[in-house]
file final_7.txt (compact mmCIF, C-alpha atoms and all ligand atoms)
# COMPACT_ATOMS: atom_id res chain seq x y z
CA MET A 53 -55.65 34.31 56.89
CA PRO A 54 -52.05 35.60 56.66
CA SER A 55 -49.55 33.17 55.17
CA ILE A 56 -45.93 33.25 54.05
CA ALA A 57 -44.50 30.94 51.40
CA THR A 58 -41.76 28.90 53.03
CA LYS A 59 -40.02 25.56 52.79
CA ALA A 60 -40.68 22.77 55.22
CA SER A 61 -39.34 19.28 55.38
CA GLY A 62 -41.93 16.54 54.84
CA ASN A 63 -41.88 12.77 54.46
CA ASN A 64 -41.06 13.15 50.79
CA GLY A 65 -38.06 15.34 51.39
CA GLU A 66 -38.19 19.09 51.07
CA ILE A 67 -41.60 20.31 50.01
CA LYS A 68 -42.89 23.79 49.37
CA GLN A 69 -45.57 24.67 51.89
CA GLN A 70 -47.60 27.73 52.83
CA GLN A 71 -46.60 28.73 56.35
CA LYS A 72 -49.62 29.95 58.21
CA GLU A 73 -50.20 32.16 61.23
CA LEU A 74 -49.11 31.49 64.81
CA VAL A 75 -51.62 29.68 67.02
CA CYS A 76 -51.41 28.36 70.57
CA VAL A 77 -52.62 24.99 71.90
CA THR A 78 -53.09 24.66 75.67
CA GLY A 79 -52.45 21.20 77.09
CA ALA A 80 -50.34 20.40 74.03
CA GLY A 81 -48.81 17.23 75.47
CA GLY A 82 -52.08 15.45 76.30
CA PHE A 83 -53.90 12.86 74.15
CA ILE A 84 -56.12 15.27 72.19
CA GLY A 85 -53.75 18.24 72.49
CA SER A 86 -50.93 16.29 70.81
CA TRP A 87 -53.13 15.41 67.84
CA VAL A 88 -54.34 19.01 67.53
CA VAL A 89 -50.68 20.13 67.43
CA LYS A 90 -49.87 17.46 64.83
CA GLU A 91 -52.83 18.43 62.63
CA LEU A 92 -51.92 22.13 62.83
CA LEU A 93 -48.29 21.44 61.92
CA LEU A 94 -49.37 19.28 58.97
CA ARG A 95 -51.51 22.16 57.75
CA GLY A 96 -48.59 24.59 57.88
CA TYR A 97 -49.35 26.55 61.07
CA ARG A 98 -46.72 27.89 63.40
CA VAL A 99 -47.65 26.43 66.76
CA ARG A 100 -46.92 27.33 70.35
CA GLY A 101 -47.89 24.55 72.73
CA THR A 102 -48.35 25.04 76.45
CA ALA A 103 -47.62 22.52 79.19
CA ARG A 104 -47.16 22.91 82.92
CA ASP A 105 -43.67 21.49 82.51
CA PRO A 106 -42.56 21.63 78.87
CA ALA A 107 -39.20 20.05 79.72
CA ASP A 108 -40.84 16.93 81.16
CA ARG A 109 -40.00 13.84 79.12
CA LYS A 110 -43.73 13.16 78.73
CA ASN A 111 -43.84 16.07 76.22
CA ALA A 112 -40.81 14.95 74.17
CA HIS A 113 -43.00 13.32 71.48
CA LEU A 114 -44.20 16.78 70.41
CA LEU A 115 -40.73 17.86 69.29
CA ALA A 116 -40.48 14.77 67.07
CA LEU A 117 -43.64 15.64 65.10
CA GLU A 118 -43.28 16.46 61.41
CA GLY A 119 -42.72 20.21 61.06
CA ALA A 120 -41.99 20.64 64.79
CA GLU A 121 -38.37 21.55 64.38
CA ALA A 122 -39.17 24.57 62.27
CA ARG A 123 -42.60 25.58 63.53
CA LEU A 124 -43.29 24.33 67.09
CA THR A 125 -42.24 25.92 70.34
CA LEU A 126 -43.32 24.84 73.80
CA CYS A 127 -43.87 27.16 76.72
CA ARG A 128 -44.82 26.85 80.34
CA ALA A 129 -48.36 27.76 81.40
CA ASP A 130 -50.74 26.61 84.08
CA VAL A 131 -54.33 27.54 83.29
CA LEU A 132 -54.60 29.06 86.77
CA ASP A 133 -51.74 31.45 85.96
CA TYR A 134 -53.10 34.37 83.91
CA ASP A 135 -49.66 35.91 83.32
CA GLY A 136 -48.22 32.67 81.95
CA LEU A 137 -51.18 32.34 79.56
CA ARG A 138 -50.91 35.99 78.48
CA ALA A 139 -47.24 35.45 77.61
CA ALA A 140 -48.01 32.20 75.76
CA PHE A 141 -50.68 33.90 73.62
CA ALA A 142 -48.59 36.95 72.65
CA GLY A 143 -48.56 37.29 68.85
CA CYS A 144 -51.07 34.45 68.32
CA HIS A 145 -54.06 34.75 65.97
CA GLY A 146 -55.83 31.78 67.49
CA VAL A 147 -55.97 29.70 70.66
CA PHE A 148 -57.08 26.08 71.00
CA HIS A 149 -58.02 25.66 74.65
CA VAL A 150 -57.71 21.90 75.14
CA ALA A 151 -56.15 21.73 78.64
CA SER A 152 -58.36 20.57 81.47
CA PRO A 153 -58.15 18.12 84.34
CA VAL A 154 -59.98 14.95 83.24
CA SER A 155 -61.12 13.92 86.68
CA ASN A 156 -64.05 13.70 89.09
CA ASP A 157 -61.89 15.07 91.91
CA PRO A 158 -63.96 17.90 93.48
CA ASP A 159 -60.77 19.95 94.02
CA LEU A 160 -60.03 19.91 90.28
CA ALA A 161 -63.44 20.96 88.93
CA PRO A 162 -62.79 24.68 89.65
CA VAL A 163 -59.51 24.43 87.70
CA ALA A 164 -61.47 23.69 84.52
CA VAL A 165 -63.78 26.66 85.05
CA GLU A 166 -61.34 29.28 86.36
CA GLY A 167 -58.72 28.05 83.88
CA THR A 168 -61.15 28.68 81.04
CA ARG A 169 -61.97 32.18 82.34
CA ASN A 170 -58.23 32.94 82.44
CA VAL A 171 -57.67 31.56 78.94
CA ILE A 172 -60.45 33.64 77.36
CA ASN A 173 -59.37 36.83 79.12
CA ALA A 174 -55.67 36.31 78.45
CA ALA A 175 -56.50 35.60 74.80
CA ALA A 176 -58.61 38.77 74.51
CA ASP A 177 -55.90 40.87 76.23
CA ALA A 178 -53.22 39.42 73.93
CA GLY A 179 -55.23 40.42 70.82
CA VAL A 180 -56.16 36.85 69.80
CA ARG A 181 -59.02 36.82 67.28
CA ARG A 182 -60.46 33.33 67.62
CA VAL A 183 -60.63 30.61 70.29
CA VAL A 184 -61.63 26.97 69.87
CA PHE A 185 -62.72 25.45 73.17
CA THR A 186 -62.66 21.69 73.83
CA SER A 187 -65.82 20.77 75.71
CA SER A 188 -67.06 17.22 76.27
CA TYR A 189 -70.16 15.23 75.51
CA GLY A 190 -70.33 14.91 79.32
CA ALA A 191 -71.72 18.46 79.05
CA VAL A 192 -74.35 17.28 76.55
CA HIS A 193 -75.70 13.77 77.05
CA MET A 194 -76.23 13.33 80.82
CA ASP A 195 -79.93 14.14 80.96
CA PRO A 196 -82.20 11.40 82.35
CA LYS A 197 -85.26 13.30 81.08
CA ARG A 198 -84.17 13.22 77.43
CA SER A 199 -86.57 11.01 75.49
CA PRO A 200 -85.01 7.73 74.29
CA ASP A 201 -86.25 8.69 70.82
CA ALA A 202 -84.66 12.15 70.86
CA VAL A 203 -81.68 12.86 68.62
CA LEU A 204 -78.60 13.98 70.57
CA ASP A 205 -77.33 17.14 68.91
CA GLU A 206 -75.78 20.53 69.67
CA SER A 207 -78.96 21.83 71.32
CA CYS A 208 -78.67 19.28 74.17
CA TRP A 209 -77.23 19.98 77.62
CA SER A 210 -76.62 17.63 80.52
CA ASP A 211 -78.67 18.09 83.68
CA TYR A 212 -76.26 19.77 86.12
CA GLU A 213 -78.05 18.62 89.30
CA PHE A 214 -78.28 15.04 88.00
CA CYS A 215 -74.52 15.03 87.25
CA LYS A 216 -73.80 16.40 90.72
CA GLN A 217 -76.03 13.88 92.48
CA THR A 218 -74.53 10.96 90.57
CA GLY A 219 -70.94 12.08 91.31
CA ASN A 220 -70.13 13.04 87.73
CA LEU A 221 -68.22 16.13 88.75
CA TYR A 222 -66.19 16.07 85.53
CA CYS A 223 -69.42 16.62 83.59
CA CYS A 224 -70.39 19.48 85.94
CA ALA A 225 -66.97 21.05 85.43
CA LYS A 226 -67.11 20.77 81.64
CA MET A 227 -70.63 22.25 81.54
CA MET A 228 -69.56 25.21 83.68
CA ALA A 229 -66.33 25.65 81.72
CA GLU A 230 -68.18 25.70 78.40
CA ILE A 231 -70.72 28.22 79.68
CA THR A 232 -67.86 30.34 81.04
CA ALA A 233 -66.06 30.20 77.68
CA THR A 234 -69.19 31.27 75.81
CA GLU A 235 -70.10 34.10 78.18
CA GLU A 236 -66.57 35.46 78.54
CA ALA A 237 -65.89 35.29 74.79
CA ALA A 238 -69.11 37.22 74.08
CA ARG A 239 -68.25 39.80 76.75
CA ARG A 240 -64.72 40.26 75.37
CA GLY A 241 -65.71 40.23 71.67
CA LEU A 242 -63.74 37.06 70.83
CA GLU A 243 -64.83 34.61 68.13
CA LEU A 244 -65.45 31.23 69.75
CA ALA A 245 -66.19 27.74 68.43
CA VAL A 246 -66.81 24.80 70.76
CA VAL A 247 -65.84 21.23 69.83
CA VAL A 248 -67.70 18.60 71.87
CA PRO A 249 -65.84 15.28 71.65
CA SER A 250 -67.35 12.05 72.91
CA MET A 251 -65.26 9.20 74.42
CA THR A 252 -62.13 9.56 72.33
CA MET A 253 -60.36 6.51 70.89
CA GLY A 254 -57.48 5.99 68.48
CA PRO A 255 -53.69 6.00 68.55
CA MET A 256 -51.83 7.86 71.28
CA LEU A 257 -48.93 10.10 70.32
CA GLN A 258 -47.96 10.52 73.97
CA GLN A 259 -46.59 7.80 76.18
CA GLN A 260 -48.56 8.70 79.28
CA LEU A 261 -51.89 6.92 79.63
CA ASN A 262 -54.90 9.25 79.36
CA PHE A 263 -58.35 8.48 80.76
CA SER A 264 -60.18 7.31 77.61
CA SER A 265 -57.34 5.05 76.40
CA GLY A 266 -57.12 3.68 79.96
CA HIS A 267 -60.83 2.84 79.70
CA VAL A 268 -60.04 0.41 76.86
CA ALA A 269 -56.94 -0.94 78.63
CA ARG A 270 -58.93 -1.79 81.77
CA TYR A 271 -61.22 -4.09 79.77
CA LEU A 272 -58.32 -5.81 78.02
CA THR A 273 -56.29 -6.51 81.15
CA GLY A 274 -59.30 -8.16 82.77
CA ALA A 275 -59.35 -5.45 85.48
CA LYS A 276 -63.07 -5.04 84.75
CA ALA A 277 -64.86 -8.22 85.79
CA ALA A 278 -68.22 -6.99 84.47
CA TYR A 279 -69.50 -4.17 82.29
CA PRO A 280 -72.34 -1.73 83.09
CA ASP A 281 -75.67 -1.68 81.26
CA ALA A 282 -74.63 1.56 79.60
CA VAL A 283 -74.56 3.24 76.22
CA ALA A 284 -71.75 5.58 75.20
CA ALA A 285 -70.64 7.65 72.21
CA TYR A 286 -67.21 7.29 70.63
CA VAL A 287 -65.02 9.19 68.19
CA ASP A 288 -61.51 8.91 66.77
CA VAL A 289 -58.87 11.30 68.15
CA ARG A 290 -57.76 12.22 64.62
CA ASP A 291 -61.33 13.28 63.79
CA VAL A 292 -61.42 15.33 67.00
CA ALA A 293 -58.21 17.10 65.98
CA ARG A 294 -59.53 17.78 62.46
CA ALA A 295 -62.78 19.07 63.96
CA HIS A 296 -60.80 21.62 65.99
CA VAL A 297 -58.91 22.87 62.95
CA LEU A 298 -61.99 22.91 60.69
CA ALA A 299 -63.93 24.88 63.31
CA TYR A 300 -61.01 27.31 63.49
CA GLU A 301 -60.64 27.71 59.74
CA ARG A 302 -64.34 27.93 58.85
CA ALA A 303 -64.89 30.83 61.23
CA ALA A 304 -67.86 32.23 59.32
CA ALA A 305 -69.77 28.98 59.84
CA ALA A 306 -68.29 28.24 63.24
CA ASN A 307 -68.51 31.42 65.32
CA GLY A 308 -70.60 30.84 68.43
CA GLN A 309 -71.36 27.26 67.39
CA ARG A 310 -70.98 23.94 69.15
CA PHE A 311 -69.81 20.96 67.09
CA LEU A 312 -70.83 17.56 68.41
CA CYS A 313 -68.03 15.13 67.63
CA ILE A 314 -69.49 11.62 67.64
CA GLY A 315 -68.67 8.82 65.23
CA ALA A 316 -70.72 6.00 66.79
CA VAL A 317 -73.06 5.27 69.71
CA LEU A 318 -73.27 1.77 71.10
CA HIS A 319 -74.04 -0.32 74.15
CA ARG A 320 -71.01 -1.40 76.17
CA ALA A 321 -71.79 -5.02 75.25
CA SER A 322 -71.37 -4.23 71.53
CA PHE A 323 -68.24 -2.19 72.26
CA LEU A 324 -66.67 -5.15 74.08
CA GLN A 325 -67.82 -7.56 71.38
CA LEU A 326 -65.92 -5.47 68.85
CA LEU A 327 -62.81 -5.50 71.08
CA LYS A 328 -63.11 -9.26 71.50
CA GLU A 329 -63.38 -9.78 67.73
CA LEU A 330 -60.30 -7.64 67.10
CA PHE A 331 -58.22 -8.99 69.99
CA PRO A 332 -59.47 -12.45 71.01
CA GLN A 333 -56.24 -13.11 72.94
CA PHE A 334 -57.28 -10.69 75.72
CA PRO A 335 -59.62 -11.64 78.60
CA VAL A 336 -62.47 -9.20 77.78
CA THR A 337 -65.39 -9.80 80.12
CA ALA A 338 -68.72 -10.99 78.72
CA LYS A 339 -70.59 -10.41 81.98
CA CYS A 340 -73.00 -7.53 82.54
CA GLN A 341 -73.23 -5.93 86.02
CA VAL A 342 -77.00 -6.31 85.96
CA ASP A 343 -78.91 -9.46 85.12
CA GLY A 344 -82.36 -9.64 83.60
CA GLU A 345 -82.84 -5.86 83.32
CA PRO A 346 -83.90 -4.31 80.02
CA MET A 347 -80.71 -3.25 78.24
CA ALA A 348 -80.12 0.46 77.71
CA LYS A 349 -80.79 1.37 74.08
CA PRO A 350 -78.31 3.26 71.88
CA TYR A 351 -79.66 6.73 71.16
CA ARG A 352 -79.72 8.55 67.85
CA PHE A 353 -77.29 11.41 67.31
CA SER A 354 -76.40 14.03 64.73
CA ASN A 355 -72.85 14.83 63.65
CA GLN A 356 -74.15 16.69 60.58
CA ARG A 357 -72.68 20.03 61.61
CA LEU A 358 -69.14 18.64 61.40
CA LYS A 359 -69.93 16.71 58.24
CA ASP A 360 -71.06 20.03 56.75
CA LEU A 361 -67.59 21.40 57.54
CA GLY A 362 -66.14 18.49 55.54
CA LEU A 363 -65.28 16.03 58.33
CA GLU A 364 -65.43 12.33 57.48
CA PHE A 365 -65.62 10.11 60.56
CA THR A 366 -63.28 7.15 61.06
CA PRO A 367 -65.01 3.78 61.67
CA LEU A 368 -64.88 2.76 65.36
CA ARG A 369 -63.39 -0.61 64.43
CA GLU A 370 -60.33 1.13 62.98
CA SER A 371 -60.02 3.49 65.98
CA LEU A 372 -60.24 0.65 68.46
CA TYR A 373 -57.68 -1.41 66.60
CA GLU A 374 -55.22 1.49 66.66
CA THR A 375 -55.97 2.28 70.32
CA VAL A 376 -54.88 -1.20 71.30
CA MET A 377 -51.84 -1.16 69.02
CA SER A 378 -50.59 2.01 70.67
CA LEU A 379 -51.41 0.75 74.18
CA GLN A 380 -49.14 -2.19 73.35
CA GLN A 381 -46.50 0.01 71.75
CA TYR A 382 -46.20 2.13 74.92
CA GLY A 383 -46.20 -0.86 77.25
CA HIS A 384 -49.66 -0.33 78.78
CA LEU A 385 -50.74 -3.76 77.50
CA PRO A 386 -48.76 -6.95 76.93
CA GLN A 387 -48.03 -8.17 73.39
CA LEU A 388 -50.10 -11.34 73.59
CA PRO A 389 -49.97 -13.57 70.50
CA ALA A 390 -53.25 -13.89 68.62
CA PRO A 391 -54.71 -17.41 68.91
CA VAL A 392 -54.01 -19.67 65.95
CA ALA A 393 -57.16 -20.33 63.93
CA PRO A 394 -58.25 -23.98 64.43
CA LYS A 395 -57.41 -26.28 61.50
CA ARG A 396 -60.41 -27.23 59.39
CA ALA A 397 -61.28 -30.86 59.74
CA TYR A 398 -61.95 -32.55 56.38
CA LEU A 399 -64.22 -35.52 56.75
N1 LIG A 401 -60.28 11.86 75.90
C1 LIG A 401 -61.60 11.96 75.89
O1 LIG A 401 -62.33 10.95 75.79
C2 LIG A 401 -62.26 13.32 75.93
C3 LIG A 401 -63.62 13.38 75.58
C4 LIG A 401 -64.25 14.62 75.61
C5 LIG A 401 -63.53 15.76 75.94
N2 LIG A 401 -62.23 15.67 76.30
C6 LIG A 401 -61.53 16.91 76.64
O2 LIG A 401 -60.36 17.01 75.87
C7 LIG A 401 -59.36 17.71 76.59
C8 LIG A 401 -58.09 16.89 76.62
O3 LIG A 401 -58.35 15.64 77.22
P1 LIG A 401 -57.38 14.39 77.00
O4 LIG A 401 -58.22 13.20 76.91
O5 LIG A 401 -56.42 14.70 75.92
O6 LIG A 401 -56.67 14.36 78.42
P2 LIG A 401 -55.15 14.30 78.88
O7 LIG A 401 -54.34 13.49 77.97
O8 LIG A 401 -55.21 13.94 80.31
O9 LIG A 401 -54.71 15.82 78.74
C9 LIG A 401 -55.12 16.80 79.63
C10 LIG A 401 -54.24 18.01 79.41
O10 LIG A 401 -54.68 19.06 80.29
C11 LIG A 401 -53.56 19.64 80.86
N3 LIG A 401 -53.86 20.21 82.18
C12 LIG A 401 -54.50 19.64 83.22
N4 LIG A 401 -54.55 20.50 84.26
C13 LIG A 401 -53.92 21.63 83.84
C14 LIG A 401 -53.62 22.88 84.45
N5 LIG A 401 -53.98 23.17 85.71
N6 LIG A 401 -52.95 23.83 83.72
C15 LIG A 401 -52.57 23.55 82.47
N7 LIG A 401 -52.80 22.39 81.84
C16 LIG A 401 -53.46 21.45 82.53
C17 LIG A 401 -52.50 18.56 80.96
O11 LIG A 401 -51.27 19.20 80.86
P3 LIG A 401 -49.95 18.83 81.68
O12 LIG A 401 -49.09 18.11 80.70
O13 LIG A 401 -49.39 20.12 82.06
O14 LIG A 401 -50.35 17.93 82.82
C18 LIG A 401 -52.78 17.73 79.70
O15 LIG A 401 -52.02 18.20 78.62
C19 LIG A 401 -59.95 18.03 77.96
O16 LIG A 401 -60.49 19.32 77.92
C20 LIG A 401 -61.08 17.00 78.09
O17 LIG A 401 -62.09 17.47 78.94
C21 LIG A 401 -61.56 14.47 76.30
call {"tool": "encode", "arguments": {"input": "final_7.txt", "output": "structure tokens"}}
result
Amino acid sequence: MPSIATKASGNNGEIKQQQKELVCVTGAGGFIGSWVVKELLLRGYRVRGTARDPADRKNAHLLALEGAEARLTLCRADVLDYDGLRAAFAGCHGVFHVASPVSNDPDLAPVAVEGTRNVINAAADAGVRRVVFTSSYGAVHMDPKRSPDAVLDESCWSDYEFCKQTGNLYCCAKMMAEITATEEAARRGLELAVVVPSMTMGPMLQQQLNFSSGHVARYLTGAKAAYPDAVAAYVDVRDVARAHVLAYERAAAANGQRFLCIGAVLHRASFLQLLKELFPQFPVTAKCQVDGEPMAKPYRFSNQRLKDLGLEFTPLRESLYETVMSLQQYGHLPQLPAPVAPKRAYL
């Protein structure tokens, strides 16, 4: 990996740091993209971030990141615009393809797939060596035929027809985008690693509310009167960012591999219980949408592949706490005072 000794300014004043190669992050201003940019800057990379409108105030946080002044540039690229992507990737050794609509809108699903085809081909044409693609556990876990005793791991795929029938078009799009990334990268001789994050929690760097942080906010505002009998997998956004960089750096182990990025799997009732314990001042619902049905059981999962790359997962309690703190910081939730603990009565 080429590197040049340089000086960069860190928290502790001027520190000597190895400046690494130039890499590009698509969707740099989003929730996960921002943390991938931050992690790359902290590790000494020169970073080019793409956004559809880099001058938009919603991307301003990127320029305030440590190391950004010296080593981050932003450029305009829509994933549907091959030429914009080709220009953004010029001179880059690696591309982190994070950008994607996070939506069930049927008009947006093709953007994820065609955008990924453009990214892989623009990367290959620009001479990029390695791409890390951000998939989703929506491409992995939505299979009603998977045995409740089976371990969810990198060999699993969602059932496309089931996702389509149940209106989970985001999952369909992510499955098709991942398959497109894998096939196109093989055809063009690019090294590819796929990171598969589950529902991503943790502090936001960006002000704009993203889908998974909004999921937590909706329970805390009381907008959700009842919760579904559902099990979901969660991970911290900082672990997701580290997973991207580890998959990029450990190319020998990573090439062609998927990396399932899950820190915990739990029933929505347990998830809300944890929220309630951390933030009792918010009106978190205790009502399930279904009564008297057998509760869905948390499934087993394996995150061993990422642990083998050296990733240590953040406890969900910590991620959730920091999710809520940043939702408050950016004004998506009110700053409600915590209830005062009742005085102990001494008899
Ligand atoms: N958050 C999760 O729980 C989660 C879980 C699994 C996987 N993921 C995956 O992680 C990635 C990032 O998600 P996120 O949660 O960080 O969402 P986010 O905050 O909404 O970010 C989405 C990013 O995609 C970009 N984008 C959307 N349409 C685009 C287009 N046509 N051209 C270029 N850029 C476009 C947006 O850029 P603009 O600024 O230009 O709008 C934005 O930066 C996605 O691939 C998503 O599928 C997320």
call {"tool": "axis_aligned_box", "arguments": {"input": "final_7.txt", "around": "region 273-283 of chain A", "padding_each_side": "5 Å", "output": "AutoDock Vina command-line options"}}
result
--center_x -66.0 --center_y -2.5 --center_z 81.0 --size_x 29.4 --size_y 21.5 --size_z 19.6
call {"tool": "residues_near_ligand", "arguments": {"input": "final_7.txt", "ligand": "ligand LIG 401 (chain A)", "cutoff": "7 Å", "atoms": "all atoms listed in the file", "output": "VMD selection string"}}
result
chain A and resid 78 to 85 103 to 105 129 to 132 150 to 154 163 186 to 189 226 248 to 253 262 to 264
call {"tool": "residues_near_point", "arguments": {"input": "final_7.txt", "point": "(-50.5, 20.9, 68.2)", "cutoff": "9 Å", "atoms": "only C-alpha atoms", "output": "ChimeraX atom specification"}}
result
/A:75-78,80-81,84-93,99-101,114,124,148,293
call {"tool": "closest_residue", "arguments": {"input": "final_7.txt", "among": "A:Ala174, A:Val192, A:Met347, A:Met228", "to": "Ile314 (chain A)", "atoms": "only C-alpha atoms"}}
result
A:Val192
call {"tool": "closest_atom_pairs", "arguments": {"input": "final_7.txt", "of": "region 184-271 of chain A", "to": "region 356-369 of chain A", "cutoff": "9 Å", "atoms": "all atoms listed in the file", "output": "JSON lines"}}
result
{"residue": "A:Asp205", "atom": "CA", "partner": "A:Gln356", "partner_atom": "CA", "distance": 8.9}
{"residue": "A:Glu206", "atom": "CA", "partner": "A:Arg357", "partner_atom": "CA", "distance": 8.7}
{"residue": "A:Met253", "atom": "CA", "partner": "A:Leu368", "partner_atom": "CA", "distance": 8.1}
{"residue": "A:Gly254", "atom": "CA", "partner": "A:Leu368", "partner_atom": "CA", "distance": 8.7}
call {"tool": "residues_around", "arguments": {"input": "final_7.txt", "residues": "region 378-382 of chain A", "least_positions_apart": "6", "cutoff": "8 Å", "atoms": "all atoms listed in the file", "output": "MDAnalysis selection string"}}
result
chainID A and resid 255:256 259 265 269
call {"tool": "closest_residue", "arguments": {"input": "final_7.txt", "among": "A:Arg320, A:Arg169, A:Arg182, A:Lys216", "to": "Glu236 (chain A)", "atoms": "all atoms listed in the file"}}
result
A:Arg169
call {"tool": "closest_residue", "arguments": {"input": "final_7.txt", "among": "A:Asp159, A:Asp108, A:Glu345, A:Glu370", "to": "Ala282 (chain A)", "atoms": "only C-alpha atoms"}}
result
A:Glu345
call {"tool": "atom_distance", "arguments": {"input": "final_7.txt", "atom1": "CA of Ala237 (chain A)", "atom2": "CA of Ala175 (chain A)"}}
result
9.4 Å
call {"tool": "residues_around", "arguments": {"input": "final_7.txt", "residues": "Pro332 (chain A)", "least_positions_apart": "5", "cutoff": "12 Å", "atoms": "only C-alpha atoms", "output": "PyMOL selection string"}}
result
chain A and resi 272+324-327+337+388-393
call {"tool": "atom_distance", "arguments": {"input": "final_7.txt", "atom1": "CA of Ala277 (chain A)", "atom2": "CA of Val336 (chain A)"}}
result
8.4 Å
call {"tool": "residues_around", "arguments": {"input": "final_7.txt", "residues": "Ala303 (chain A)", "least_positions_apart": "4", "cutoff": "12 Å", "atoms": "only C-alpha atoms", "output": "list in words"}}
result
Met53, Gly146, Arg181, Arg182, Val183, Val184, Leu242, Glu243, Leu244, Ala245, Val246, His296, Val297, Leu298, Ala299, Asn307, Gly308, Gln309 and Leu361 of chain A
call {"tool": "atom_distance", "arguments": {"input": "final_7.txt", "atom1": "CA of Leu117 (chain A)", "atom2": "CA of Ala295 (chain A)"}}
result
19.5 Å
